[in-house]
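Input: a single structure, listed below in C-alpha cells.
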Amino acid sequence: MYQTGNMVKELADKYGRKRESLMPILQDIVKKHNYLTDEAMVEVATELDISAAEVYGTASFYTFLDTEERGKNVIRVCKTITCSMKGKNDVISTLEEILKIKVGQTTPDKMFTLLETNCIGWCHKAPAMLVNDMPYTDLSSETVIDVIKGYMRK
Amino acid sequence: MKSKGLTKVDLIFESIDAKEVLAKAFSMTPEEIINQVLESGLKGRGGAGFPTGMKWKFTAAEKDPEKYIVCNADEGEPGTFKDREILDRVVYKVYGGMAIAGKAMGAKKGYIYLRGEYRFLLPQLYLELHKFQKMIAEIGYDFTIEYRMGSGAYICGEESALFESIEGFRGEPRNKPPYPTTSGLFSKPTSINNVETLVTAMMIIAKGPQEYVKLGTKDSRGSKVFSISGDTPIPGIFELELGMTVQEFVNEFGDGDTKAVQVGGASGFCVPRKKFEDTIIGFEGVPTGGSMKLFNSSRSMYNVLHNYLDFFTEESCGQCTPCRVGCQQLLKGVEKVKKGEAKSTYLNELVKLADTMKVASKCGLGQSVGNAFRSIVENFREEIIY
C-alpha cells in the first residue's frame, strides 16, 4: 500500500481532466508505484468526474496497469515462442530459486514481483525480460542472476 | 511464378538530408504527394497491406478541418521487432513521414502510439522530436507530434482499438464501417500508418516513385524490413527486396535443417519445407508484417501451435464471442487431442471452428487465428496428434 497524497491531483493538473487524460494518469501512477490501489483509482475517478467503475474497467483491461499489489521491481519474462524455445524456462527457474517465489508472486520484502508476459520484441536476442521498463536480452541462468543482483543493491 | 531472388536493400536505414526532403515535400501540392505514393504501389507495412496512397487519398477527401495522422508503433506481433529498430535508429524519418502525410491530408497534428514495452526508448525519442520540431519550424511548416503509450495489450495494434486506447477507454475494436479515414481518432478523419510505412513514404518522396517501383514485384512493390528469429545462425533485422521464395530465404537464413517458417507471426501462416520452393514472400504468396520465424526439425510444432493459441487466448479482448470462446476452445481442443482424450478427427471440427472465427469475429485478431491454426494442423497433423 502507498499513499497518493497530492499525486493524483497534480497528474490531473498536468494531463487535464478529460477522458483521454485517463491513460497517461494511470500510467504515471503505475510508473511510480508499480500498481493501482483502489484508493488511487477512486481519486482518479473523482478528479476526472467519471465513475470509479470506468477507471477500474479501463485499468483492468491493460496488463501493465496492475490492480494487484506489486513489488518495487516488476520482472516480466517473455514466454512467447522464440523465448520459450531459447531457454525461458531456465531463466524462470533461476529467478524462482534466487527470489524464492513462484511466477505471479511478490517477495515478502516487496522488492520483486515475478511475472510472465507476451512477446516484448526481442526475439532475435531471446530469451528476454523486462525489469520495470528496462529490457534485458540474451539471458542465461548466469546473466539473469547478475541482473537481479544489480537491482538488489539499488 | 518467377522469383525475384533474395536481394538486400538499404532504404529504410539509409541516412538522408531530412530537411531537404521535407522542404521538397512541403513545396508539393497534396495531390502531387498522394499521386507519388499511389504510383509507388506502397502497401501498409504493418501486415494488413492496405494501399497507403488510397488511405491518404480517402482521408484527404474528407471535408472536416480537423484530421489526424496516427503512427502505429504498437508493434506486438510475436516475432516482430523491426519498428523498435527503426524508432531507435531513424526516428527522424518517422516524424518526417508523418509531417508529409499531414501535408497530403491537411492534418496539423499527429500521434504516435508506442507500446509500453518500448517505454525505455522515450527519452531519446523526445530528444529527436525536439530537434525535428525545430527543423520544420525553420522550414516554416506547422505540424505537431505527441506520444501516447500503450500498456501491454496486443489488441491495441488494431487501429480502432488503438483509437479507443488513446481516447482513454478499454482497447476494444470498433465496428467497421465507418473506417478511420472518415471517422477515426476522436471521430475525426484519421490516417493510421505503421512506423515502417511512414518511413517508406518519406523515402518515396526523397527518391521518386520511379526509383521505388524498380524494387519488388507487381503485387508487392519495394523492399521490407524483416525481423528474423528462431532457429537461424543470424537472427536480427534485414531489409530485403520483396518477391523472393521461402526457399531462397531459408537458403540465406536457415540452419540447414529448417522444417517450417512461420511468416507473419502468430497471426500469419506456417510454410512447411515441401512448400518452400513455390511460396513467394509477398502479397501474391504469404503476406507479412516482417515477422519470420524459422523452426528446425528439433522443434515440436504442437508446442509452437500451443504457444500461439495460449497467446491469442490471453490477448483476445473478449468483446466478441467467436474470438473469446473460439480461442479458448481451440486451445483446449488441441490439448485434448494430444492427451488422447479426443479422437484425431476432432481436429477437423477445430479447423471448422477456426474458419467460423474468420468470418464471425469482429476484428483482425479473431479473424487471423485460423491462419496459423489451419496451416500448422494441415501440414503437421501427426505432430499435433502424437
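Following the order of the C-alpha cells, chains are lettered A, B, ..., residues in each are numbered from 1, and ligands are numbered from 1.
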
**Request:** Can you check which residues of chain A have any atom within 6 Å of chain B? Use only C-alpha atoms and format it as number ranges by chain.
**Result:** A: 19-20, 22-23, 58, 61-64, 82, 119-121, 123-124, 133

**Request:** List every residue of region 70-249 of chain B that DSSP, applied to the backbone, labels as alpha helix (DSSP H), and write the result as a PyMOL selection string.
**Result:** chain B and resi 82-105+122-139+159-166+195-207+209-212+246-249

**Prompt:** Of the residues A:Leu26, A:Val8, A:Ile92, A:Leu99, which is the one nearest to Leu65 (chain A), using only C-alpha atoms?
**Reply:**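 Closest candidate: A:Leu26.
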
Based on DSSP run over this structure's backbone, return all residues of chain A in strand (DSSP E or B), as a compact mmCIF listing (two decimals) with C-alpha atoms, in the first residue's frame.
```
# COMPACT_ATOMS: atom_id res chain seq x y z
CA ASN A 73 10.76 -4.12 -9.24
CA VAL A 74 8.45 -5.94 -11.60
CA ILE A 75 10.13 -8.67 -13.63
CA ARG A 76 8.29 -9.76 -16.77
CA VAL A 77 9.86 -12.70 -18.56
CA CYS A 78 8.78 -13.18 -22.17
CA THR A 106 5.91 -10.94 -4.83
CA PHE A 112 10.43 -8.07 -6.60
CA THR A 113 7.37 -9.38 -8.43
CA LEU A 114 7.93 -12.18 -10.93
CA LEU A 115 5.59 -12.37 -13.93
CA GLU A 116 5.49 -13.82 -17.41
CA THR A 117 4.45 -11.69 -20.36
CA MET A 129 12.73 -9.98 -19.97
CA LEU A 130 11.73 -6.55 -18.73
CA VAL A 131 12.60 -5.29 -15.28
CA MET A 134 14.36 -1.90 -18.95
CA PRO A 135 14.80 -4.82 -21.34
CA TYR A 136 17.46 -7.48 -20.71
```

**Asked** Hey, which of A:Ala126, A:Met111, A:Leu48, A:Ile81 ends up closest to Met301 (chain B)? Count only C-alpha atoms.
**Response**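 That would be A:Ile81, the residue with the smallest distance to Met301 (chain B).
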
**Atomic separation - CA of Gly364 (chain B) relative to CA of Arg324 (chain B), Å** =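 CA of Arg324 (chain B) sits 13.0 Å away from CA of Gly364 (chain B).
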
**Message:** To one decimal place in Å, what is the distance between CA of Ala61 (chain B) and CA of Asn193 (chain B)?
**Reply:**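 Interatomic distance here is 17.2 Å.
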
**Request:** Grab the CA of Glu159 (chain B) to CA of Gly110 (chain B) distance for me, in Å with one decimal place.
**Result:**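 Interatomic distance, CA of Glu159 (chain B) to CA of Gly110 (chain B): 14.5 Å.
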
**Prompt:** Quick one: residues within 8 Å of Leu240 (chain B), only C-alpha atoms counted, chain neighbours fewer than 5 positions away excluded, as a list in words?
**Reply:**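 That gives Leu6, Thr7, Lys8, Val9, Ser223, Lys224, Val225 and Phe226 of chain B.
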
**Request:** Please identify all polymer residues within 7 Å of Thr313 (chain B), counting only C-alpha atoms, omitting same-chain residues fewer than 3 positions from it, and present them as a ChimeraX atom specification.
**Result:** /B:309-310,316,327-328

Output for the residues just chosen: N, CA, C and O atoms as a JSON list (two decimals), in the first residue's frame:
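Done, and the output landed in part23.json:
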```
[["chain", "number", "residue", "atom", "x", "y", "z"],
["B", 309, "LEU", "N", -1.75, -20.33, -29.49],
["B", 309, "LEU", "CA", -3.14, -20.33, -29.01],
["B", 309, "LEU", "C", -3.22, -19.75, -27.60],
["B", 309, "LEU", "O", -4.16, -19.03, -27.25],
["B", 310, "ASP", "N", -2.21, -20.06, -26.80],
["B", 310, "ASP", "CA", -2.12, -19.51, -25.45],
["B", 310, "ASP", "C", -2.04, -17.97, -25.55],
["B", 310, "ASP", "O", -2.71, -17.25, -24.81],
["B", 316, "SER", "N", -6.95, -11.92, -26.69],
["B", 316, "SER", "CA", -8.28, -11.62, -27.21],
["B", 316, "SER", "C", -8.93, -10.62, -26.26],
["B", 316, "SER", "O", -8.88, -10.78, -25.05],
["B", 327, "CYS", "N", -10.93, -18.96, -29.22],
["B", 327, "CYS", "CA", -9.52, -19.14, -28.84],
["B", 327, "CYS", "C", -9.39, -20.17, -27.72],
["B", 327, "CYS", "O", -8.54, -21.06, -27.78],
["B", 328, "GLN", "N", -10.26, -20.05, -26.72],
["B", 328, "GLN", "CA", -10.20, -20.98, -25.59],
["B", 328, "GLN", "C", -10.47, -22.41, -26.03],
["B", 328, "GLN", "O", -9.80, -23.35, -25.60]]
```

**Which of A:Ser141, A:Leu36, A:Lys9, A:Val147 sits closest to Ser93 (chain A) [using only C-alpha atoms]** =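 Nearest to Ser93 (chain A): A:Ser141.
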